[in-house]
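Comments concern the structure below.
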Amino acid sequence: MPGQPSRTASGALLLTGHGAARGHALGRARVRLPHVLDVAEQRIPAALVDAELVRLHEAVDAARVEMHELRQRLKGALDKEMGEILDLHALLLDDPELLFGLDELIRSGPYSAGYALRVQRDRLAKVFDGMDDAYLKSRMDDLDHVIGRIHAFLHKRPADVKGLAGEILVCDTIAPSELAQLQAHGVVGIVSVGGSALSHSAILARSLHLPLIVNTPGALQKINDGDVLVIDGSNGTVTVNPLADDLRDYRARLREQAREQRELGRLRAKPSRTLDKVDIALLANAESLEDVTEAHALGAHGLGLYRTEFLFLQRDELPDEQEQFETYRDAALGMNGRPVTIRTLDLGADKADRTGLTLSNEDNPALGLRGVRLSLARPKVADTQLRAILRASAYGKLRILLPMVSTREEVLAVRRRLQKQAQLLRAEGHEVAEHIPFGAMIEVPAAAIALESFIDLVDFLSVGTNDLVQYLLAADRNNEAVGELYSPLHPAVLRLIAHILRTGQEHDTPVAVCGEIAGDPRMTRLLLALGLKEFSLHPGTLLEVRRVIRDSDWAQLQAAAPKLLAARDRRGIERWIENLA
């Protein structure tokens with residue numbers, strides 16, 4: 001837990017934050033102070049207005065190019081996690097209200113471009129502050145990042161990432177859109193004063209295997225440029241100017257980490273089986289052929305979640321049936337007979353698209369037209385996707401998964417469309433599998449509570465814990481102000497997951513859990529105790545979870561489950577986990 005600065009056993013300064021992405025790093029500190037648009041009022045001669053407008057537009061264009069170049073380098077999981085943020089930033093760079101306001105300020109002041117940026121930023125900040133919705137308020141961080149990039153280019157200071165090889169960035173906050181760029185230029189770790197272990201930045205850092213420590217009090221005051229740092233992303237510690245004993249400890253941890261990786265490598269061909277011979281299925285989450293290849297190589301039992309929205313993002317036209325068919329077919333072929341679960345389109349909320357498919361002016365997009373709701377509202381788009389999946393079913397064991405289900409009627413409506421399209425395709429001469437398992441994602445609390453009302457319509461279920469937790473607890477996982485509230489270690493969350501698993505067992509319907517907790521080895525025994533036998537997780541954590549499973553006793557965990565479910569608070573659940581360690 002974050003705390004006051006202390007000392008290591010050898011006497012070096014020790015700072016403590018939250019470990020958000022595991023790993024160790026040794027490097028020089030690069031301190032980046034918070035970006036504040038503290039620009040004094042500056043008026044310019046009327047004769048220079050046109051030149052100042054050109055300077056502003058060139059800076060905006062440079063920021064667009066930077067965003068586009070970074071977007072083009074994304075693949076696989078990075079495309080999912082960081083692409084959505086970059087899409088949003090690109091939309092902000094084209095926002096007429098932002099750009100028109102800047103032009104007007106330069107003309108009417110007449111003001112310098114830098115001061116116009118400050119005034120416009122402060123105007124928009126007041127609008128965001130006056131909003132009741134916490135999700136929309138949090139978007140001010142994205143606006144600040146975009147304005148900061150324009151400001152940097154105005155002053156000929158493009159992203160300061162060159163010369164960072166072997167350095168650890170120390171900053172106030174870190175934006176998701178910066179992470180891949182920083183790593184590509186040699187940054188070996190990041191320490192931030194703010195941030196949350198559940199933010200987009202933290203999720204992306206884990207995908208990049210880039211050590212990240214967040215919520216580190218005093219980092220900017222206690223660390224200077226050029227200080228040598230040792231950081232541990234597992235326990236959230238930062239050692240400043242380590243001494244000989246600290247360096248010996250660091251090298252010992254690196255040797256232990258290398259040994260652990262060798263051990264994990266030997267588990268690639270081993271079964272995911274508990275000590276008392278209970279088999280557990282480890283399915284992989286994927287959205288690219290690179291992910292599929294990695295999942296196959298690690299011995300995944302199949303794909304528990306193949307995201308399809310990446311086909312719809314960063315383009316001006318919708319993907320046609322043939323493009324989608326080839327993508328789903330290649331995923332099926334890549335898994336070589338193992339099941340592949342295709343999740344239907346899950347655009348909406350904070351996933352921006354440029355095709356006009358989603359609504360752009362929803363008051364609360366996280367509770368709006370997204371997931372299966374969007375598919376039913378756009379039947380032609382839904383039919384195109386269903387046809388592509390049905391055609392691809394001739395090439396492997398495909399399953400269909402509906403996101404954001406909340407009612408029986410939604411499931412029935414998609415089943416009818418699926419049956420109709422299957423009949424049409426067969427009439428057209430296409431080969432379609434005789435039976436394609438059909439499932440629902442349980443991420444809306446209403447669906448979890450009323451599961452009995454539609455479980456007869458599905459062949460399997462997948463619990464989307466990321467959304468389920470935030471909807472159940474009314475806490476946005478990207479909002480630092482409620483970061484302590486958002487936690488899967490809430491008694492209500494565990495009891496609801498247990499209810500879903502129990503209902504699935506009673507109806508002989510397989511249930512998987514996906515989301516962050518499925519890929520967290522620290523949560524594996526907890527999920528086994530609740531009765532989970534199917535995990536759907538990022539390929540990068542599959543071997544670690546397999547190791548925990550192989551060291552666990554199913555019967556023992558089942559016997560300990562009542563005490564877990566009787567816990568009255570988060571600390572009680574944490575003690576249960578600690579007692580099993």
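Identifiers for the structure tokens are assigned positionally: chains receive A, B, ... in sequence, residues are indexed from 1 per chain, and ligands are indexed from 1 in the order shown.
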
So which bits of stretch 330-471 of chain A end up strand (DSSP E or B) when you DSSP the backbone, as a ChimeraX atom specification?
/A:340-343,348,351,398-402,438-442,460-464

What does the file look like for those residues with N, CA, C and O atoms, as a PDB file, in the first residue's frame?
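Result written to again.pdb:
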```
ATOM      1  N   VAL A 340     -13.495 -21.985 -31.057  1.00  0.00           N
ATOM      2  CA  VAL A 340     -13.222 -20.548 -31.208  1.00  0.00           C
ATOM      3  C   VAL A 340     -14.533 -19.801 -30.970  1.00  0.00           C
ATOM      4  O   VAL A 340     -15.502 -19.997 -31.692  1.00  0.00           O
ATOM      5  N   THR A 341     -14.552 -18.955 -29.944  1.00  0.00           N
ATOM      6  CA  THR A 341     -15.767 -18.233 -29.557  1.00  0.00           C
ATOM      7  C   THR A 341     -15.720 -16.828 -30.150  1.00  0.00           C
ATOM      8  O   THR A 341     -14.916 -15.998 -29.726  1.00  0.00           O
ATOM      9  N   ILE A 342     -16.570 -16.595 -31.134  1.00  0.00           N
ATOM     10  CA  ILE A 342     -16.633 -15.284 -31.789  1.00  0.00           C
ATOM     11  C   ILE A 342     -17.642 -14.416 -31.049  1.00  0.00           C
ATOM     12  O   ILE A 342     -18.834 -14.729 -31.011  1.00  0.00           O
ATOM     13  N   ARG A 343     -17.161 -13.332 -30.427  1.00  0.00           N
ATOM     14  CA  ARG A 343     -18.095 -12.399 -29.795  1.00  0.00           C
ATOM     15  C   ARG A 343     -18.617 -11.437 -30.847  1.00  0.00           C
ATOM     16  O   ARG A 343     -17.828 -10.819 -31.582  1.00  0.00           O
ATOM     17  N   GLY A 348     -19.658   0.722 -29.028  1.00  0.00           N
ATOM     18  CA  GLY A 348     -20.470   1.542 -28.140  1.00  0.00           C
ATOM     19  C   GLY A 348     -19.656   1.935 -26.937  1.00  0.00           C
ATOM     20  O   GLY A 348     -18.473   1.641 -26.826  1.00  0.00           O
ATOM     21  N   LYS A 351     -15.853   3.042 -27.163  1.00  0.00           N
ATOM     22  CA  LYS A 351     -15.201   2.536 -28.364  1.00  0.00           C
ATOM     23  C   LYS A 351     -15.691   3.360 -29.554  1.00  0.00           C
ATOM     24  O   LYS A 351     -16.801   3.166 -30.037  1.00  0.00           O
ATOM     25  N   LEU A 398     -16.692 -23.285 -34.313  1.00  0.00           N
ATOM     26  CA  LEU A 398     -17.023 -21.919 -33.935  1.00  0.00           C
ATOM     27  C   LEU A 398     -18.186 -21.893 -32.950  1.00  0.00           C
ATOM     28  O   LEU A 398     -19.097 -22.717 -33.009  1.00  0.00           O
ATOM     29  N   ARG A 399     -18.128 -20.909 -32.035  1.00  0.00           N
ATOM     30  CA  ARG A 399     -19.234 -20.613 -31.134  1.00  0.00           C
ATOM     31  C   ARG A 399     -19.548 -19.125 -31.261  1.00  0.00           C
ATOM     32  O   ARG A 399     -18.670 -18.323 -31.587  1.00  0.00           O
ATOM     33  N   ILE A 400     -20.778 -18.748 -30.981  1.00  0.00           N
ATOM     34  CA  ILE A 400     -21.199 -17.345 -31.074  1.00  0.00           C
ATOM     35  C   ILE A 400     -21.547 -16.855 -29.679  1.00  0.00           C
ATOM     36  O   ILE A 400     -22.282 -17.512 -28.930  1.00  0.00           O
ATOM     37  N   LEU A 401     -21.021 -15.674 -29.328  1.00  0.00           N
ATOM     38  CA  LEU A 401     -21.215 -15.099 -27.988  1.00  0.00           C
ATOM     39  C   LEU A 401     -21.793 -13.695 -28.110  1.00  0.00           C
ATOM     40  O   LEU A 401     -21.228 -12.844 -28.804  1.00  0.00           O
ATOM     41  N   LEU A 402     -22.915 -13.441 -27.434  1.00  0.00           N
ATOM     42  CA  LEU A 402     -23.565 -12.129 -27.468  1.00  0.00           C
ATOM     43  C   LEU A 402     -23.126 -11.278 -26.287  1.00  0.00           C
ATOM     44  O   LEU A 402     -23.260 -11.702 -25.131  1.00  0.00           O
ATOM     45  N   PHE A 438     -24.291 -21.450 -29.004  1.00  0.00           N
ATOM     46  CA  PHE A 438     -24.754 -20.065 -28.914  1.00  0.00           C
ATOM     47  C   PHE A 438     -24.733 -19.652 -27.444  1.00  0.00           C
ATOM     48  O   PHE A 438     -25.315 -20.339 -26.589  1.00  0.00           O
ATOM     49  N   GLY A 439     -24.030 -18.551 -27.117  1.00  0.00           N
ATOM     50  CA  GLY A 439     -23.884 -18.168 -25.717  1.00  0.00           C
ATOM     51  C   GLY A 439     -24.148 -16.705 -25.464  1.00  0.00           C
ATOM     52  O   GLY A 439     -24.279 -15.897 -26.384  1.00  0.00           O
ATOM     53  N   ALA A 440     -24.201 -16.359 -24.175  1.00  0.00           N
ATOM     54  CA  ALA A 440     -24.441 -14.979 -23.762  1.00  0.00           C
ATOM     55  C   ALA A 440     -23.375 -14.549 -22.767  1.00  0.00           C
ATOM     56  O   ALA A 440     -22.951 -15.332 -21.913  1.00  0.00           O
ATOM     57  N   MET A 441     -22.938 -13.289 -22.892  1.00  0.00           N
ATOM     58  CA  MET A 441     -22.049 -12.715 -21.890  1.00  0.00           C
ATOM     59  C   MET A 441     -22.888 -12.174 -20.740  1.00  0.00           C
ATOM     60  O   MET A 441     -23.875 -11.461 -20.958  1.00  0.00           O
ATOM     61  N   ILE A 442     -22.467 -12.507 -19.530  1.00  0.00           N
ATOM     62  CA  ILE A 442     -23.163 -12.003 -18.344  1.00  0.00           C
ATOM     63  C   ILE A 442     -22.301 -10.894 -17.764  1.00  0.00           C
ATOM     64  O   ILE A 442     -21.308 -11.143 -17.087  1.00  0.00           O
ATOM     65  N   PHE A 460     -23.925 -21.978 -23.620  1.00  0.00           N
ATOM     66  CA  PHE A 460     -22.832 -21.672 -22.693  1.00  0.00           C
ATOM     67  C   PHE A 460     -22.942 -20.216 -22.264  1.00  0.00           C
ATOM     68  O   PHE A 460     -23.688 -19.421 -22.867  1.00  0.00           O
ATOM     69  N   LEU A 461     -22.187 -19.863 -21.217  1.00  0.00           N
ATOM     70  CA  LEU A 461     -22.179 -18.499 -20.697  1.00  0.00           C
ATOM     71  C   LEU A 461     -20.742 -18.044 -20.486  1.00  0.00           C
ATOM     72  O   LEU A 461     -19.855 -18.865 -20.242  1.00  0.00           O
ATOM     73  N   SER A 462     -20.529 -16.729 -20.565  1.00  0.00           N
ATOM     74  CA  SER A 462     -19.226 -16.154 -20.270  1.00  0.00           C
ATOM     75  C   SER A 462     -19.445 -14.914 -19.412  1.00  0.00           C
ATOM     76  O   SER A 462     -20.195 -14.015 -19.800  1.00  0.00           O
ATOM     77  N   VAL A 463     -18.816 -14.895 -18.235  1.00  0.00           N
ATOM     78  CA  VAL A 463     -19.003 -13.777 -17.309  1.00  0.00           C
ATOM     79  C   VAL A 463     -17.970 -12.699 -17.620  1.00  0.00           C
ATOM     80  O   VAL A 463     -16.763 -12.915 -17.468  1.00  0.00           O
ATOM     81  N   GLY A 464     -18.426 -11.543 -18.068  1.00  0.00           N
ATOM     82  CA  GLY A 464     -17.533 -10.416 -18.355  1.00  0.00           C
ATOM     83  C   GLY A 464     -17.331  -9.595 -17.087  1.00  0.00           C
ATOM     84  O   GLY A 464     -18.094  -8.671 -16.797  1.00  0.00           O
TER      85      GLY A 464
END
```

Which residues come within 12 Å of A:Ala567, counting only C-alpha atoms, excluding same-chain residues fewer than 6 positions away, as a list in words?
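Listing them by chain and then by number gives Leu489, His490, Pro491, Ala492, Val493, Leu494, Arg495, Ala560, Ala561, Ile573, Glu574, Arg575, Trp576 and Ile577 of chain A.
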
Write the residues of the preceding selection, restricted to C-alpha atoms, as a PDB file, in the first residue's frame.
```pdb
ATOM      1  CA  LEU A 489     -13.031  -8.397  -4.037  1.00  0.00           C
ATOM      2  CA  HIS A 490     -16.422  -7.116  -2.949  1.00  0.00           C
ATOM      3  CA  PRO A 491     -18.721  -9.653  -1.262  1.00  0.00           C
ATOM      4  CA  ALA A 492     -21.542  -8.803  -3.691  1.00  0.00           C
ATOM      5  CA  VAL A 493     -19.319  -9.517  -6.705  1.00  0.00           C
ATOM      6  CA  LEU A 494     -18.215 -12.927  -5.437  1.00  0.00           C
ATOM      7  CA  ARG A 495     -21.730 -13.939  -4.423  1.00  0.00           C
ATOM      8  CA  ALA A 560     -13.113 -23.482   1.962  1.00  0.00           C
ATOM      9  CA  ALA A 561     -15.690 -21.743  -0.262  1.00  0.00           C
ATOM     10  CA  ILE A 573     -11.734 -11.797   1.338  1.00  0.00           C
ATOM     11  CA  GLU A 574      -8.098 -10.698   1.197  1.00  0.00           C
ATOM     12  CA  ARG A 575      -7.389 -12.631   4.419  1.00  0.00           C
ATOM     13  CA  TRP A 576      -8.986 -15.725   2.853  1.00  0.00           C
ATOM     14  CA  ILE A 577      -6.637 -15.414  -0.133  1.00  0.00           C
TER      15      ILE A 577
END
```

Would you work out the distance separating atom CA of A:Ala447 from atom CA of A:Leu374, expressed in Å to one decimal?
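Value for the atom CA of A:Ala447-atom CA of A:Leu374 distance: 17.2 Å.
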
Which distance in Å separates atom CA of A:Pro379 and atom CA of A:Glu321, to one decimal?
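Atom CA of A:Glu321 lies at a distance of 13.8 Å from atom CA of A:Pro379.
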
Taking only C-alpha atoms into account, name the residue in A:Arg408, A:Arg568, A:Arg32, A:Arg149 that is nearest to A:Ala448.
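Closest candidate: A:Arg408.
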
Given only C-alpha atoms as the counted atoms, nearest of A:Asp103, A:Asp246, A:Glu410, A:Asp95 to A:Ala12:
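Closest to A:Ala12, using only C-alpha atoms: A:Asp246.
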
Running DSSP on the backbone, which parts of stretch 348-558 of chain A land in alpha helix (DSSP H), as a PyMOL selection string?
chain A and resi 372-377+379-392+408-427+445-449+465-473+491-506+524-530+542-550+554-558

Neighbours of A:Gln4 within 10 Å (only C-alpha atoms; same-chain residues fewer than 4 positions away dropped), as a list of chain:residue names?
A:Leu14, A:Leu15, A:Thr16, A:Gly17, A:Thr216, A:Pro217, A:Gly218

Please compute the atom CA of A:Leu485-atom CA of A:Glu452 distance, one decimal, in Å.
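Answer for the atom CA of A:Leu485 to atom CA of A:Glu452 separation: 28.9 Å.
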
Name the residues in contact with A:Ile449 at a cut-off of 10 Å, using only C-alpha atoms, excluding same-chain residues fewer than 4 positions from it; report them as a PyMOL selection string.
chain A and resi 406+442+444-445+453+496+499-500

Convert the current residue selection to file output with N, CA and C atoms, as a CSV table (one decimal), in the first residue's frame.
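Written out: part_38.csv:
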```
chain,number,residue,atom,x,y,z
A,406,SER,N,-29.2,-8.4,-21.6
A,406,SER,CA,-29.9,-8.0,-20.4
A,406,SER,C,-31.3,-8.6,-20.3
A,442,ILE,N,-22.5,-12.5,-19.5
A,442,ILE,CA,-23.2,-12.0,-18.3
A,442,ILE,C,-22.3,-10.9,-17.8
A,444,VAL,N,-24.2,-7.6,-17.3
A,444,VAL,CA,-25.2,-6.7,-16.8
A,444,VAL,C,-25.8,-7.4,-15.5
A,445,PRO,N,-25.8,-6.8,-14.4
A,445,PRO,CA,-26.3,-7.4,-13.2
A,445,PRO,C,-27.7,-8.0,-13.4
A,453,SER,N,-34.3,-17.0,-16.4
A,453,SER,CA,-35.3,-16.7,-17.4
A,453,SER,C,-34.9,-16.9,-18.8
A,496,LEU,N,-22.4,-12.9,-6.5
A,496,LEU,CA,-23.1,-13.0,-7.8
A,496,LEU,C,-22.4,-13.9,-8.8
A,499,HIS,N,-23.4,-17.3,-7.8
A,499,HIS,CA,-24.8,-17.6,-8.3
A,499,HIS,C,-24.8,-18.0,-9.7
A,500,ILE,N,-24.0,-17.3,-10.6
A,500,ILE,CA,-24.0,-17.6,-12.0
A,500,ILE,C,-23.4,-19.0,-12.2
```

List as an mmCIF file with N, CA, C and O atoms, in the first residue's frame the protein and nucleic acid residues near A:Leu527, meaning an atom at most 10 Å away when only C-alpha atoms are counted, but skip any in the same chain fewer than 6 places from it.
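Result file selection_23.cif:
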```
data_model
loop_
_atom_site.group_PDB
_atom_site.id
_atom_site.type_symbol
_atom_site.label_atom_id
_atom_site.label_comp_id
_atom_site.auth_asym_id
_atom_site.auth_seq_id
_atom_site.Cartn_x
_atom_site.Cartn_y
_atom_site.Cartn_z
ATOM 1 N N LEU A 494 -18.484 -11.492 -5.559
ATOM 2 C CA LEU A 494 -18.215 -12.927 -5.437
ATOM 3 C C LEU A 494 -19.506 -13.729 -5.316
ATOM 4 O O LEU A 494 -19.632 -14.814 -5.899
ATOM 5 N N ILE A 497 -21.071 -13.940 -8.810
ATOM 6 C CA ILE A 497 -20.360 -14.902 -9.659
ATOM 7 C C ILE A 497 -20.682 -16.329 -9.226
ATOM 8 O O ILE A 497 -20.924 -17.219 -10.065
ATOM 9 N N ALA A 498 -20.718 -16.568 -7.909
ATOM 10 C CA ALA A 498 -21.061 -17.897 -7.401
ATOM 11 C C ALA A 498 -22.470 -18.299 -7.834
ATOM 12 O O ALA A 498 -22.719 -19.460 -8.200
ATOM 13 N N VAL A 513 -15.261 -17.533 -17.148
ATOM 14 C CA VAL A 513 -15.078 -16.165 -16.649
ATOM 15 C C VAL A 513 -13.957 -15.533 -17.451
ATOM 16 O O VAL A 513 -12.886 -16.127 -17.611
ATOM 17 N N ILE A 517 -9.774 -10.527 -13.885
ATOM 18 C CA ILE A 517 -9.565 -11.448 -12.765
ATOM 19 C C ILE A 517 -9.260 -12.865 -13.245
ATOM 20 O O ILE A 517 -8.586 -13.622 -12.536
ATOM 21 N N ALA A 518 -9.735 -13.240 -14.431
ATOM 22 C CA ALA A 518 -9.461 -14.594 -14.924
ATOM 23 C C ALA A 518 -7.980 -14.784 -15.223
ATOM 24 O O ALA A 518 -7.463 -15.900 -15.123
ATOM 25 N N LYS A 533 -14.586 -23.754 -13.757
ATOM 26 C CA LYS A 533 -13.780 -24.760 -14.454
ATOM 27 C C LYS A 533 -13.357 -24.311 -15.849
ATOM 28 O O LYS A 533 -12.716 -25.059 -16.569
ATOM 29 N N GLU A 534 -13.742 -23.080 -16.248
ATOM 30 C CA GLU A 534 -13.329 -22.529 -17.545
ATOM 31 C C GLU A 534 -12.864 -21.085 -17.357
ATOM 32 O O GLU A 534 -13.656 -20.233 -16.945
ATOM 33 N N PHE A 535 -11.601 -20.841 -17.654
ATOM 34 C CA PHE A 535 -11.040 -19.493 -17.596
ATOM 35 C C PHE A 535 -10.848 -19.001 -19.032
ATOM 36 O O PHE A 535 -10.412 -19.756 -19.907
ATOM 37 N N LEU A 557 -10.373 -26.548 -1.892
ATOM 38 C CA LEU A 557 -10.900 -25.213 -2.176
ATOM 39 C C LEU A 557 -12.418 -25.188 -2.064
ATOM 40 O O LEU A 557 -12.997 -24.207 -1.594
ATOM 41 N N ALA A 561 -14.838 -22.741 0.394
ATOM 42 C CA ALA A 561 -15.690 -21.743 -0.262
ATOM 43 C C ALA A 561 -16.721 -21.100 0.667
ATOM 44 O O ALA A 561 -16.943 -19.885 0.589
#
```

Skip A:Gly195 itself and residues of its chain fewer than 5 positions away, then list as a PyMOL selection string all residues within 8 Å of it, counting only C-alpha atoms.
chain A and resi 173-174+214-215+480

Nearest to A:Arg253 among A:Gly572, A:Leu26, A:Arg121, A:Leu537, with distances taken over only C-alpha atoms: which residue is it?
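Smallest distance to A:Arg253 is found for A:Leu26.
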
Nearest to A:Gln385 among A:Glu409, A:Asp291, A:Asp508, A:Asp320, with distances taken over only C-alpha atoms: which residue is it?
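Closest residue, counting only C-alpha atoms: A:Asp320.
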